[in-house]
$ cat protein_4.cif   # mmCIF, C-alpha atoms
data_work
#
loop_
_atom_site.label_atom_id
_atom_site.label_comp_id
_atom_site.auth_asym_id
_atom_site.auth_seq_id
_atom_site.Cartn_x
_atom_site.Cartn_y
_atom_site.Cartn_z
CA MET A 1 261.06 279.24 34.36
CA GLN A 2 263.67 277.30 32.38
CA PHE A 3 266.19 280.13 32.09
CA PRO A 4 266.36 280.97 35.83
CA VAL A 5 266.61 277.29 36.77
CA LYS A 6 269.42 276.69 34.28
CA PHE A 7 271.17 279.85 35.44
CA LEU A 8 270.90 278.77 39.09
CA ALA A 9 272.18 275.29 38.30
CA ALA A 10 275.11 276.71 36.36
CA SER A 11 275.88 279.09 39.22
CA LEU A 12 275.88 276.26 41.77
CA ILE A 13 278.16 274.17 39.59
CA ALA A 14 280.53 277.10 39.16
CA ALA A 15 280.54 277.83 42.89
CA SER A 16 281.17 274.19 43.68
CA ALA A 17 284.02 274.03 41.20
CA ALA A 18 285.52 277.21 42.62
CA GLY A 19 285.41 275.74 46.12
CA ALA A 20 286.91 272.45 45.06
CA TRP A 21 289.73 274.02 43.09
CA ALA A 22 290.49 277.05 45.26
CA GLN A 23 294.10 275.87 45.68
CA GLN A 24 294.62 274.56 42.15
CA GLY A 25 298.28 274.57 41.19
CA GLU A 26 299.52 275.41 44.70
CA THR A 27 302.56 273.41 45.89
CA VAL A 28 302.29 271.82 49.33
CA LYS A 29 305.69 270.97 50.79
CA ILE A 30 305.75 267.97 53.12
CA ALA A 31 308.84 267.21 55.19
CA TRP A 32 309.56 263.49 55.69
CA LEU A 33 311.73 262.90 58.78
CA ASP A 34 312.76 259.28 59.32
CA PRO A 35 315.90 257.08 59.22
CA LEU A 36 317.98 256.76 56.07
CA SER A 37 321.04 255.42 57.93
CA GLY A 38 321.72 252.73 60.52
CA LEU A 39 320.03 249.34 60.88
CA MET A 40 316.57 250.77 60.08
CA ALA A 41 317.71 252.55 56.90
CA SER A 42 316.05 249.96 54.63
CA VAL A 43 312.64 250.66 56.19
CA GLY A 44 313.07 254.42 55.99
CA THR A 45 314.30 254.27 52.40
CA ASN A 46 311.27 252.22 51.39
CA GLN A 47 308.89 254.65 53.10
CA LEU A 48 310.49 257.71 51.53
CA LYS A 49 310.12 256.09 48.09
CA THR A 50 306.49 255.38 48.98
CA PHE A 51 305.84 259.03 49.83
CA GLN A 52 307.54 260.21 46.64
CA PHE A 53 305.78 257.63 44.47
CA LEU A 54 302.31 258.38 45.84
CA ALA A 55 302.97 262.14 45.63
CA GLU A 56 303.48 261.65 41.90
CA GLU A 57 300.25 259.66 41.68
CA PHE A 58 298.20 262.22 43.62
CA ASN A 59 299.79 265.06 41.66
CA LYS A 60 298.19 263.60 38.53
CA LYS A 61 294.78 263.95 40.13
CA ASN A 62 293.54 265.05 43.56
CA VAL A 63 290.33 266.80 44.55
CA ALA A 64 292.11 269.97 45.67
CA GLY A 65 294.22 270.35 42.55
CA VAL A 66 297.43 270.89 44.56
CA LYS A 67 300.94 269.62 43.90
CA PHE A 68 302.69 267.71 46.68
CA GLU A 69 306.46 268.07 47.12
CA ILE A 70 308.39 265.79 49.49
CA ILE A 71 311.46 267.02 51.38
CA GLY A 72 313.21 263.91 52.71
CA ILE A 73 315.62 264.30 55.65
CA ASP A 74 317.45 261.56 57.59
CA ASN A 75 316.67 261.86 61.31
CA LYS A 76 318.90 258.86 62.15
CA LEU A 77 316.10 257.57 64.42
CA SER A 78 317.22 260.19 66.96
CA PRO A 79 315.02 262.76 68.76
CA GLN A 80 317.87 265.29 68.70
CA GLU A 81 318.51 264.80 64.98
CA THR A 82 314.75 265.01 64.38
CA THR A 83 314.58 268.46 65.99
CA SER A 84 317.42 269.68 63.76
CA ALA A 85 315.80 268.11 60.70
CA LEU A 86 312.50 269.80 61.51
CA ARG A 87 314.18 273.20 61.67
CA SER A 88 315.82 272.57 58.32
CA ALA A 89 312.49 271.50 56.80
CA MET A 90 310.71 274.63 58.02
CA ASP A 91 313.55 276.77 56.64
CA GLN A 92 312.82 275.13 53.28
CA GLY A 93 309.17 276.15 53.48
CA ALA A 94 307.54 272.95 54.72
CA ARG A 95 304.28 273.54 56.60
CA TYR A 96 303.47 269.85 56.94
CA VAL A 97 305.67 267.16 58.46
CA VAL A 98 305.31 263.37 58.37
CA GLN A 99 307.15 260.83 60.54
CA GLY A 100 306.47 257.28 61.68
CA ASN A 101 309.48 255.41 63.04
CA GLY A 102 309.90 255.74 66.79
CA SER A 103 307.97 257.52 69.51
CA GLY A 104 311.05 259.47 70.63
CA PRO A 105 311.30 261.36 67.33
CA ALA A 106 307.49 261.73 67.33
CA LEU A 107 307.55 263.44 70.73
CA ALA A 108 310.41 265.67 69.59
CA ILE A 109 308.29 266.89 66.68
CA MET A 110 305.23 267.41 68.87
CA ASP A 111 307.14 269.39 71.49
CA ALA A 112 308.86 271.55 68.88
CA LEU A 113 305.63 272.33 67.04
CA GLU A 114 303.75 273.21 70.23
CA LYS A 115 306.37 275.91 70.86
CA HIS A 116 306.76 277.03 67.25
CA ASN A 117 303.05 277.31 66.55
CA ALA A 118 302.36 279.23 69.76
CA ARG A 119 305.10 281.73 68.93
CA ASN A 120 304.36 282.04 65.22
CA PRO A 121 300.64 282.52 64.58
CA GLY A 122 299.91 282.35 60.88
CA LYS A 123 303.00 280.20 60.26
CA GLU A 124 301.82 277.01 61.93
CA VAL A 125 303.16 273.56 60.98
CA LEU A 126 301.04 270.40 61.20
CA TYR A 127 302.35 266.88 61.97
CA VAL A 128 300.81 263.78 60.38
CA ASN A 129 302.04 260.62 62.13
CA TYR A 130 301.81 257.58 59.86
CA ALA A 131 303.40 254.87 62.04
CA ALA A 132 304.56 255.91 65.54
CA VAL A 133 302.05 253.98 67.66
CA ASP A 134 302.80 254.69 71.33
CA PRO A 135 299.31 255.22 72.87
CA ASP A 136 300.60 258.11 74.98
CA LEU A 137 300.92 260.22 71.82
CA THR A 138 297.12 260.50 71.67
CA ASN A 139 296.52 260.22 75.41
CA SER A 140 298.60 261.92 78.12
CA LYS A 141 300.87 263.64 75.59
CA CYS A 142 298.28 264.47 72.93
CA SER A 143 298.74 267.62 70.87
CA TYR A 144 296.34 269.63 68.73
CA TRP A 145 298.94 269.75 65.95
CA HIS A 146 299.40 265.95 65.82
CA PHE A 147 297.18 263.56 63.83
CA ARG A 148 297.85 259.80 63.83
CA LEU A 149 296.84 257.54 60.93
CA ASP A 150 298.11 254.15 62.14
CA ALA A 151 296.22 252.24 64.84
CA ASP A 152 298.07 252.62 68.14
CA THR A 153 299.70 249.81 70.10
CA SER A 154 296.69 249.29 72.38
CA MET A 155 294.25 249.18 69.45
CA LYS A 156 296.28 246.57 67.61
CA MET A 157 296.68 244.51 70.76
CA GLU A 158 292.92 244.66 71.32
CA ALA A 159 292.33 243.13 67.88
CA LEU A 160 295.24 240.68 68.14
CA THR A 161 294.19 239.27 71.52
CA THR A 162 290.54 239.15 70.42
CA PHE A 163 291.77 236.77 67.74
CA MET A 164 294.17 234.89 70.02
CA LYS A 165 291.58 234.18 72.71
CA ASP A 166 289.83 231.78 70.32
CA GLN A 167 293.03 229.87 69.44
CA ALA A 168 292.87 226.82 71.70
CA ASP A 169 296.47 225.82 70.97
CA ILE A 170 297.84 228.93 72.71
CA LYS A 171 298.91 227.96 76.22
CA LYS A 172 302.28 229.62 76.87
CA VAL A 173 303.25 233.04 75.48
CA TYR A 174 306.67 234.68 75.36
CA LEU A 175 306.95 238.47 74.96
CA ILE A 176 309.98 239.97 73.24
CA ASN A 177 310.08 243.63 72.30
CA GLN A 178 312.30 246.61 71.61
CA ASN A 179 313.17 248.57 74.73
CA TYR A 180 311.46 251.87 74.02
CA ALA A 181 307.94 253.21 74.48
CA HIS A 182 306.24 251.10 71.79
CA GLY A 183 307.90 247.85 72.84
CA GLN A 184 307.17 248.49 76.50
CA GLN A 185 303.54 249.20 75.65
CA VAL A 186 303.24 245.98 73.60
CA SER A 187 304.38 244.03 76.66
CA LYS A 188 302.03 245.93 78.97
CA TYR A 189 298.91 245.58 76.82
CA ALA A 190 299.63 241.95 75.92
CA LYS A 191 299.70 240.99 79.60
CA GLU A 192 296.60 243.02 80.45
CA ASN A 193 294.56 241.75 77.49
CA LEU A 194 295.50 238.10 77.84
CA LYS A 195 294.76 238.18 81.56
CA ALA A 196 291.27 239.54 80.82
CA LYS A 197 290.48 237.36 77.78
CA ARG A 198 292.49 234.18 78.40
CA PRO A 199 293.44 233.95 82.09
CA ASP A 200 294.55 230.35 81.50
CA VAL A 201 297.41 231.46 79.25
CA GLN A 202 300.84 231.65 80.93
CA ILE A 203 303.33 234.44 80.21
CA VAL A 204 306.58 232.45 80.29
CA GLY A 205 308.98 235.23 79.33
CA ASP A 206 309.12 238.99 78.91
CA ASP A 207 312.28 240.40 77.29
CA LEU A 208 313.11 243.95 76.23
CA HIS A 209 316.18 244.48 74.04
CA PRO A 210 317.93 247.60 72.67
CA LEU A 211 316.28 249.21 69.63
CA ALA A 212 318.13 248.67 66.33
CA GLN A 213 321.32 247.38 67.97
CA VAL A 214 321.02 243.59 68.22
CA ARG A 215 322.63 241.71 65.33
CA ASP A 216 322.32 238.18 66.72
CA PHE A 217 319.07 237.04 68.31
CA ALA A 218 320.23 233.46 68.92
CA PRO A 219 320.54 233.97 72.72
CA TYR A 220 316.95 235.24 72.87
CA ILE A 221 315.72 232.31 70.77
CA ALA A 222 317.46 229.91 73.17
CA LYS A 223 315.54 231.48 76.06
CA ILE A 224 312.25 231.19 74.18
CA LYS A 225 312.92 227.52 73.40
CA GLN A 226 313.84 226.80 77.03
CA SER A 227 310.65 228.49 78.28
CA GLY A 228 308.42 225.99 76.49
CA ALA A 229 306.47 228.77 74.78
CA ASP A 230 304.12 227.87 71.93
CA SER A 231 303.54 231.50 70.89
CA VAL A 232 305.52 234.74 70.76
CA ILE A 233 304.07 238.26 70.76
CA THR A 234 306.37 240.95 69.42
CA GLY A 235 306.01 244.55 68.30
CA ASN A 236 309.48 244.45 66.71
CA TRP A 237 309.97 246.02 63.30
CA GLY A 238 312.69 246.37 60.67
CA SER A 239 315.94 244.49 61.29
CA ASP A 240 314.84 243.66 64.84
CA LEU A 241 312.02 241.50 63.53
CA ALA A 242 313.79 240.12 60.45
CA LEU A 243 316.79 238.97 62.52
CA LEU A 244 314.56 237.59 65.28
CA ILE A 245 312.58 235.41 62.88
CA LYS A 246 315.71 234.37 60.97
CA ALA A 247 317.30 233.20 64.24
CA SER A 248 314.10 231.35 65.12
CA ASN A 249 314.04 229.52 61.79
CA ASP A 250 317.78 228.76 61.95
CA ALA A 251 317.28 227.17 65.37
CA GLY A 252 314.22 225.19 64.26
CA LEU A 253 312.04 226.86 66.90
CA ASN A 254 308.47 225.66 66.48
CA VAL A 255 306.34 228.55 67.73
CA LYS A 256 303.80 230.95 66.24
CA PHE A 257 304.71 234.61 66.05
CA TYR A 258 302.00 237.24 66.56
CA THR A 259 303.41 240.45 65.13
CA TYR A 260 302.71 244.07 64.26
CA TYR A 261 305.19 244.55 61.39
CA ALA A 262 305.92 241.36 59.45
CA VAL A 263 305.71 243.39 56.20
CA THR A 264 308.76 245.61 56.74
CA THR A 265 311.82 245.29 54.51
CA GLY A 266 313.78 242.07 54.99
CA THR A 267 311.20 240.29 57.14
CA PRO A 268 309.36 238.45 54.32
CA THR A 269 312.70 237.03 53.13
CA ALA A 270 313.60 236.04 56.69
CA MET A 271 310.27 234.23 57.06
CA GLY A 272 310.36 232.38 53.73
CA ALA A 273 309.09 228.80 53.55
CA ALA A 274 310.19 227.98 57.11
CA SER A 275 307.54 230.30 58.58
CA ASP A 276 304.63 228.96 56.53
CA GLY A 277 301.52 229.18 58.72
CA LYS A 278 303.53 230.33 61.74
CA VAL A 279 303.54 234.15 61.53
CA TYR A 280 300.50 236.38 62.05
CA GLN A 281 300.21 240.14 61.71
CA VAL A 282 297.68 242.72 62.84
CA GLY A 283 297.28 245.80 60.64
CA TYR A 284 294.94 248.23 58.88
CA SER A 285 295.52 246.57 55.49
CA HIS A 286 297.20 243.62 53.78
CA TYR A 287 299.04 242.82 50.56
CA ASN A 288 295.96 241.57 48.72
CA ALA A 289 293.37 244.07 49.97
CA PRO A 290 290.89 245.13 47.26
CA GLY A 291 290.78 248.75 46.17
CA PRO A 292 293.22 251.29 44.74
CA MET A 293 296.33 249.87 46.45
CA VAL A 294 296.54 246.71 44.30
CA PRO A 295 297.49 248.44 41.00
CA LEU A 296 299.64 250.97 42.88
CA MET A 297 301.60 248.20 44.60
CA ALA A 298 302.14 246.47 41.28
CA GLU A 299 303.41 249.69 39.68
CA PHE A 300 305.65 250.42 42.69
CA LYS A 301 307.19 246.95 42.48
CA LYS A 302 307.78 247.30 38.75
CA LYS A 303 309.44 250.68 39.22
CA PHE A 304 311.58 249.97 42.30
CA ASN A 305 311.73 246.16 42.57
CA ASP A 306 310.47 246.72 46.11
CA ASP A 307 307.21 246.36 48.02
CA LEU A 308 304.86 249.17 48.98
CA TYR A 309 303.86 248.15 52.51
CA THR A 310 303.17 251.43 54.35
CA ALA A 311 299.74 251.81 52.81
CA ASP A 312 298.54 254.65 55.03
CA VAL A 313 300.84 256.98 53.09
CA TYR A 314 297.89 256.93 50.68
CA THR A 315 295.71 258.10 53.56
CA VAL A 316 298.02 261.06 54.18
CA TYR A 317 297.35 262.43 50.70
CA ALA A 318 293.66 261.50 50.64
CA MET A 319 293.05 263.16 54.01
CA LEU A 320 294.95 266.36 53.26
CA SER A 321 293.40 266.74 49.80
CA GLU A 322 289.91 266.38 51.23
CA ALA A 323 290.66 268.86 54.03
CA PHE A 324 292.05 271.44 51.56
CA VAL A 325 288.79 271.30 49.63
CA ARG A 326 286.61 271.65 52.71
CA VAL A 327 288.40 274.76 54.02
CA LYS A 328 289.38 276.13 50.59
CA SER A 329 292.90 276.59 51.92
CA THR A 330 296.17 274.75 52.58
CA GLU A 331 296.88 276.76 55.75
CA PRO A 332 297.73 274.24 58.51
CA ALA A 333 295.70 276.06 61.18
CA LYS A 334 292.55 275.92 59.05
CA VAL A 335 293.27 272.34 57.99
CA ALA A 336 293.77 271.17 61.59
CA ALA A 337 290.38 272.59 62.54
CA VAL A 338 288.55 270.68 59.79
CA LEU A 339 290.49 267.44 60.36
CA GLU A 340 289.00 267.14 63.85
CA GLY A 341 286.20 264.61 63.53
CA MET A 342 286.49 264.47 59.74
CA LYS A 343 285.08 261.39 58.02
CA PHE A 344 286.53 260.56 54.64
CA LYS A 345 287.28 257.69 52.28
CA SER A 346 290.73 256.16 52.02
CA PHE A 347 292.05 253.03 50.32
CA ASN A 348 290.59 250.86 53.11
CA GLY A 349 287.10 252.35 53.11
CA ASP A 350 285.41 254.93 55.31
CA VAL A 351 287.55 256.18 58.20
CA GLU A 352 287.20 258.89 60.85
CA MET A 353 289.74 261.15 62.53
CA ARG A 354 288.45 261.10 66.11
CA LYS A 355 288.13 264.65 67.42
CA ALA A 356 288.90 263.84 71.05
CA ASP A 357 292.50 262.74 70.47
CA HIS A 358 293.24 262.90 66.71
CA GLN A 359 293.47 259.11 66.40
CA LEU A 360 292.18 257.63 63.14
CA GLN A 361 289.41 255.05 63.59
CA GLN A 362 289.54 252.19 61.08
CA GLY A 363 289.07 248.44 60.76
CA LEU A 364 291.93 246.00 61.39
CA PHE A 365 292.95 242.72 59.73
CA ILE A 366 294.61 239.62 61.13
CA THR A 367 296.74 238.00 58.41
CA ARG A 368 298.78 234.76 58.26
CA TRP A 369 301.96 233.95 56.32
CA GLN A 370 301.27 231.28 53.70
CA LYS A 371 301.91 230.34 50.08
CA THR A 372 300.41 232.63 47.47
CA ASP A 373 297.25 231.41 45.75
CA ALA A 374 294.65 232.66 43.28
CA LYS A 375 292.89 234.66 45.98
CA ASN A 376 296.07 236.04 47.53
CA PRO A 377 298.60 236.38 44.70
CA TYR A 378 300.90 239.18 45.90
CA SER A 379 304.37 237.88 46.81
CA PRO A 380 306.54 240.27 48.88
CA GLU A 381 310.27 240.15 48.15
CA ASN A 382 309.47 237.45 45.55
CA THR A 383 309.24 234.80 48.26
CA GLY A 384 306.28 232.93 46.80
CA TYR A 385 304.48 233.58 50.09
CA THR A 386 302.11 236.26 51.31
CA LEU A 387 300.17 237.49 54.32
CA ALA A 388 296.60 236.33 53.71
CA PRO A 389 293.62 237.68 55.70
CA VAL A 390 292.08 235.31 58.24
CA LYS A 391 289.96 237.79 60.23
CA TYR A 392 288.66 241.35 59.92
CA TYR A 393 287.51 243.50 62.83
CA GLU A 394 285.37 246.60 62.39
CA ALA A 395 286.72 249.84 63.86
CA TYR A 396 284.62 249.63 67.03
CA VAL A 397 286.25 246.32 68.07
CA SER A 398 289.71 247.79 68.46
CA SER A 399 288.74 251.37 69.33
CA THR A 400 290.19 252.07 72.77
CA PRO A 401 289.22 254.97 75.06
CA THR A 402 291.38 258.08 75.34
CA SER A 403 292.49 260.18 78.30
CA CYS A 404 293.52 263.07 76.04
CA GLU A 405 292.73 266.55 77.36
CA MET A 406 293.17 268.43 74.12
CA LYS A 407 294.42 272.00 74.46
CA ARG A 408 293.10 273.79 71.40
CA PRO A 409 294.39 277.21 70.32
CA SER A 410 292.08 280.08 71.12
#

$ encode --input "protein_4.cif" --output "structure tokens"
Amino acid sequence: MQFPVKFLAASLIAASAAGAWAQQGETVKIAWLDPLSGLMASVGTNQLKTFQFLAEEFNKKNVAGVKFEIIGIDNKLSPQETTSALRSAMDQGARYVVQGNGSGPALAIMDALEKHNARNPGKEVLYVNYAAVDPDLTNSKCSYWHFRLDADTSMKMEALTTFMKDQADIKKVYLINQNYAHGQQVSKYAKENLKAKRPDVQIVGDDLHPLAQVRDFAPYIAKIKQSGADSVITGNWGSDLALLIKASNDAGLNVKFYTYYAVTTGTPTAMGAASDGKVYQVGYSHYNAPGPMVPLMAEFKKKFNDDLYTADVYTVYAMLSEAFVRVKSTEPAKVAAVLEGMKFKSFNGDVEMRKADHQLQQGLFITRWQKTDAKNPYSPENTGYTLAPVKYYEAYVSSTPTSCEMKRPS
């Protein structure tokens, strides 16, 4: 009996290896379409470096044995430029596209791929969204070819206000946000959630300002000071958050900021010592999170003198690699089918791509800006400060329902 058993075991191992390495050596081209010019160029540049850096890391070892190649194109934060960039990327052989800054460009990609994929069976392109968080993208405007890795605006607000409802010092809240879909949604969900969880809290201001155009936030800070607010909720990112907090500190405004994107380039420097204990962030990770990101962040900083803060870029590669193995193919149509409902492990633990709307389900952290210490040693932009975790919420806490009516290809 020993020979047959050994033969069977060897056969199973061989079959398993063949399945896992069916695409070994194949190059997977991923088009990155985000801003490399304008006021948000620093954020886009950092994220492109992150994609290139982690591609190199995953090319050393990934379960599918593929090689990732990044094609970076400046979309100038414009839907029209994004459509042109997408065409250029497909002409260069990209079958996967990633984007994260702005819901306008996200919708442009989704609309273009719906048409392209319907007209070109066998040449489909798949869109992985790593940061565009407008809830409509996985609700009324959901698309089979779109998969989102970041928690959407409503999910983050659910976690943020769950934390805020227990903060007795919050009495008056001011809302200031960028005037586009995400910013409008932050305002909407903040008001709805606070009304339900803390009806005693007053909304004393609600401003929307142009995206990536304001260079001086002093007039807005004056309004916040005059309102008597003790807290500010903002979904601002990039220069719009860095300049807002800088103006607040310059004016000596004594409020707490509850944010979505305090990690983005320039914001840690703007916060500095003046914001100690006064800025909170909600997100799927943090600077000092245990796991594979800690050594990768250290290596990234050593190589670029910059901070790796868009951690779900890691999830892009982990998710695609796992999907390639499961379907024994890198074809986007086959990969999309297996991604629906797929559970897999990323840097932040076990996550699930919800089948109903293609929204990743994952836990969220609330972090606070404070001095680095032995437990939280990572210092962004060499400030001597960090965002330290103060609360963690399991995925079910922030998981919001979806109205998506997914139209799947026949």

$ residues_around --input "protein_4.cif" --residues "Asp240 in chain A" --least-positions-apart "2" --cutoff "8 Å" --atoms "only C-alpha atoms" --output "list in words"
Gln178, Leu211, Ala212, Val214, Asn236, Trp237, Gly238, Ala242, Leu243 and Leu244 of chain A

$ write_last_selection --input "protein_4.cif" --atoms "C-alpha atoms" --output "PDB file, in the coordinates of the input"
ATOM      1  CA  GLN A 178     312.300 246.610  71.610  1.00  0.00           C
ATOM      2  CA  LEU A 211     316.280 249.210  69.630  1.00  0.00           C
ATOM      3  CA  ALA A 212     318.130 248.670  66.330  1.00  0.00           C
ATOM      4  CA  VAL A 214     321.020 243.590  68.220  1.00  0.00           C
ATOM      5  CA  ASN A 236     309.480 244.450  66.710  1.00  0.00           C
ATOM      6  CA  TRP A 237     309.970 246.020  63.300  1.00  0.00           C
ATOM      7  CA  GLY A 238     312.690 246.370  60.670  1.00  0.00           C
ATOM      8  CA  ALA A 242     313.790 240.120  60.450  1.00  0.00           C
ATOM      9  CA  LEU A 243     316.790 238.970  62.520  1.00  0.00           C
ATOM     10  CA  LEU A 244     314.560 237.590  65.280  1.00  0.00           C
TER      11      LEU A 244
END

$ closest_residue --input "protein_4.cif" --among "A:Asn348, A:Tyr180, A:Leu36, A:Ala31" --to "Arg87 in chain A" --atoms "all atoms listed in the file"
A:Ala31

$ residues_around --input "protein_4.cif" --residues "range 150-161 of chain A" --least-positions-apart "4" --cutoff "8 Å" --atoms "only C-alpha atoms" --output "ChimeraX atom specification"
/A:129-135,165,182,185-186,189-190,193-194,197,258,260,282-284,312,359-362,364,366,393,397-400

$ residues_around --input "protein_4.cif" --residues "range 289-303 of chain A" --least-positions-apart "6" --cutoff "12 Å" --atoms "only C-alpha atoms" --output "PDB file with C-alpha atoms, keeping the file's coordinate frame"
ATOM      1  CA  ASN A  46     311.270 252.220  51.390  1.00  0.00           C
ATOM      2  CA  GLN A  47     308.890 254.650  53.100  1.00  0.00           C
ATOM      3  CA  LYS A  49     310.120 256.090  48.090  1.00  0.00           C
ATOM      4  CA  THR A  50     306.490 255.380  48.980  1.00  0.00           C
ATOM      5  CA  PHE A  51     305.840 259.030  49.830  1.00  0.00           C
ATOM      6  CA  GLN A  52     307.540 260.210  46.640  1.00  0.00           C
ATOM      7  CA  PHE A  53     305.780 257.630  44.470  1.00  0.00           C
ATOM      8  CA  LEU A  54     302.310 258.380  45.840  1.00  0.00           C
ATOM      9  CA  ALA A  55     302.970 262.140  45.630  1.00  0.00           C
ATOM     10  CA  GLU A  56     303.480 261.650  41.900  1.00  0.00           C
ATOM     11  CA  GLU A  57     300.250 259.660  41.680  1.00  0.00           C
ATOM     12  CA  PHE A  58     298.200 262.220  43.620  1.00  0.00           C
ATOM     13  CA  GLY A 283     297.280 245.800  60.640  1.00  0.00           C
ATOM     14  CA  TYR A 309     303.860 248.150  52.510  1.00  0.00           C
ATOM     15  CA  THR A 310     303.170 251.430  54.350  1.00  0.00           C
ATOM     16  CA  ALA A 311     299.740 251.810  52.810  1.00  0.00           C
ATOM     17  CA  ASP A 312     298.540 254.650  55.030  1.00  0.00           C
ATOM     18  CA  VAL A 313     300.840 256.980  53.090  1.00  0.00           C
ATOM     19  CA  TYR A 314     297.890 256.930  50.680  1.00  0.00           C
ATOM     20  CA  THR A 315     295.710 258.100  53.560  1.00  0.00           C
ATOM     21  CA  ALA A 318     293.660 261.500  50.640  1.00  0.00           C
ATOM     22  CA  LYS A 345     287.280 257.690  52.280  1.00  0.00           C
ATOM     23  CA  SER A 346     290.730 256.160  52.020  1.00  0.00           C
ATOM     24  CA  PHE A 347     292.050 253.030  50.320  1.00  0.00           C
ATOM     25  CA  ASN A 348     290.590 250.860  53.110  1.00  0.00           C
ATOM     26  CA  GLY A 349     287.100 252.350  53.110  1.00  0.00           C
ATOM     27  CA  LEU A 364     291.930 246.000  61.390  1.00  0.00           C
ATOM     28  CA  PHE A 365     292.950 242.720  59.730  1.00  0.00           C
ATOM     29  CA  THR A 367     296.740 238.000  58.410  1.00  0.00           C
ATOM     30  CA  LYS A 375     292.890 234.660  45.980  1.00  0.00           C
ATOM     31  CA  ASN A 376     296.070 236.040  47.530  1.00  0.00           C
ATOM     32  CA  PRO A 377     298.600 236.380  44.700  1.00  0.00           C
ATOM     33  CA  TYR A 378     300.900 239.180  45.900  1.00  0.00           C
ATOM     34  CA  SER A 379     304.370 237.880  46.810  1.00  0.00           C
ATOM     35  CA  PRO A 380     306.540 240.270  48.880  1.00  0.00           C
ATOM     36  CA  GLU A 381     310.270 240.150  48.150  1.00  0.00           C
ATOM     37  CA  ASN A 382     309.470 237.450  45.550  1.00  0.00           C
ATOM     38  CA  THR A 386     302.110 236.260  51.310  1.00  0.00           C
ATOM     39  CA  LEU A 387     300.170 237.490  54.320  1.00  0.00           C
ATOM     40  CA  ALA A 388     296.600 236.330  53.710  1.00  0.00           C
ATOM     41  CA  PRO A 389     293.620 237.680  55.700  1.00  0.00           C
ATOM     42  CA  TYR A 392     288.660 241.350  59.920  1.00  0.00           C
TER      43      TYR A 392
END

$ atom_distance --input "protein_4.cif" --atom1 "CA of Lys256 in chain A" --atom2 "CA of Tyr280 in chain A"
7.6 Å

$ atom_distance --input "protein_4.cif" --atom1 "CA of Ala222 in chain A" --atom2 "CA of Ala196 in chain A"
28.9 Å

$ closest_residue --input "protein_4.cif" --among "A:Ser231, A:Gln24, A:Gln80, A:Asn101" --to "Val201 in chain A" --atoms "all atoms listed in the file"
A:Ser231

$ atom_distance --input "protein_4.cif" --atom1 "CA of Thr265 in chain A" --atom2 "CA of Val43 in chain A"
5.7 Å

$ closest_residue --input "protein_4.cif" --among "A:Phe147, A:Ala106, A:Asp74, A:Glu331" --to "Thr27 in chain A" --atoms "all atoms listed in the file"
A:Glu331

$ residues_around --input "protein_4.cif" --residues "Tyr220 in chain A" --least-positions-apart "5" --cutoff "9 Å" --atoms "all atoms listed in the file" --output "PDB file with C-alpha atoms, in the frame of the given file"
ATOM      1  CA  ILE A 176     309.980 239.970  73.240  1.00  0.00           C
ATOM      2  CA  ASP A 207     312.280 240.400  77.290  1.00  0.00           C
ATOM      3  CA  LYS A 225     312.920 227.520  73.400  1.00  0.00           C
ATOM      4  CA  LEU A 244     314.560 237.590  65.280  1.00  0.00           C
ATOM      5  CA  ALA A 247     317.300 233.200  64.240  1.00  0.00           C
TER       6      ALA A 247
END

$ residues_near_point --input "protein_4.cif" --point "(306.5, 274.3, 64.5)" --cutoff "8 Å" --atoms "all atoms listed in the file" --output "list in words"
Met90, Ile109, Ala112, Leu113, Glu114, Lys115, His116, Asn117, Glu124, Val125 and Leu126 of chain A

$ resolve_selection --input "protein_4.cif" --expression "the PyMOL selection byres ((chain A and resi 343) around 10)" --output "compact mmCIF listing (two decimals) with C-alpha atoms, keeping the file's coordinate frame"
# COMPACT_ATOMS: atom_id res chain seq x y z
CA MET A 319 293.05 263.16 54.01
CA GLU A 322 289.91 266.38 51.23
CA LEU A 339 290.49 267.44 60.36
CA GLU A 340 289.00 267.14 63.85
CA GLY A 341 286.20 264.61 63.53
CA MET A 342 286.49 264.47 59.74
CA PHE A 344 286.53 260.56 54.64
CA LYS A 345 287.28 257.69 52.28
CA SER A 346 290.73 256.16 52.02
CA ASP A 350 285.41 254.93 55.31
CA VAL A 351 287.55 256.18 58.20
CA GLU A 352 287.20 258.89 60.85
CA MET A 353 289.74 261.15 62.53
CA ARG A 354 288.45 261.10 66.11
CA LEU A 360 292.18 257.63 63.14
CA GLN A 361 289.41 255.05 63.59

$ closest_residue --input "protein_4.cif" --among "A:Arg148, A:Arg368, A:Arg215, A:Lys328" --to "Ser239 in chain A" --atoms "all atoms listed in the file"
A:Arg215
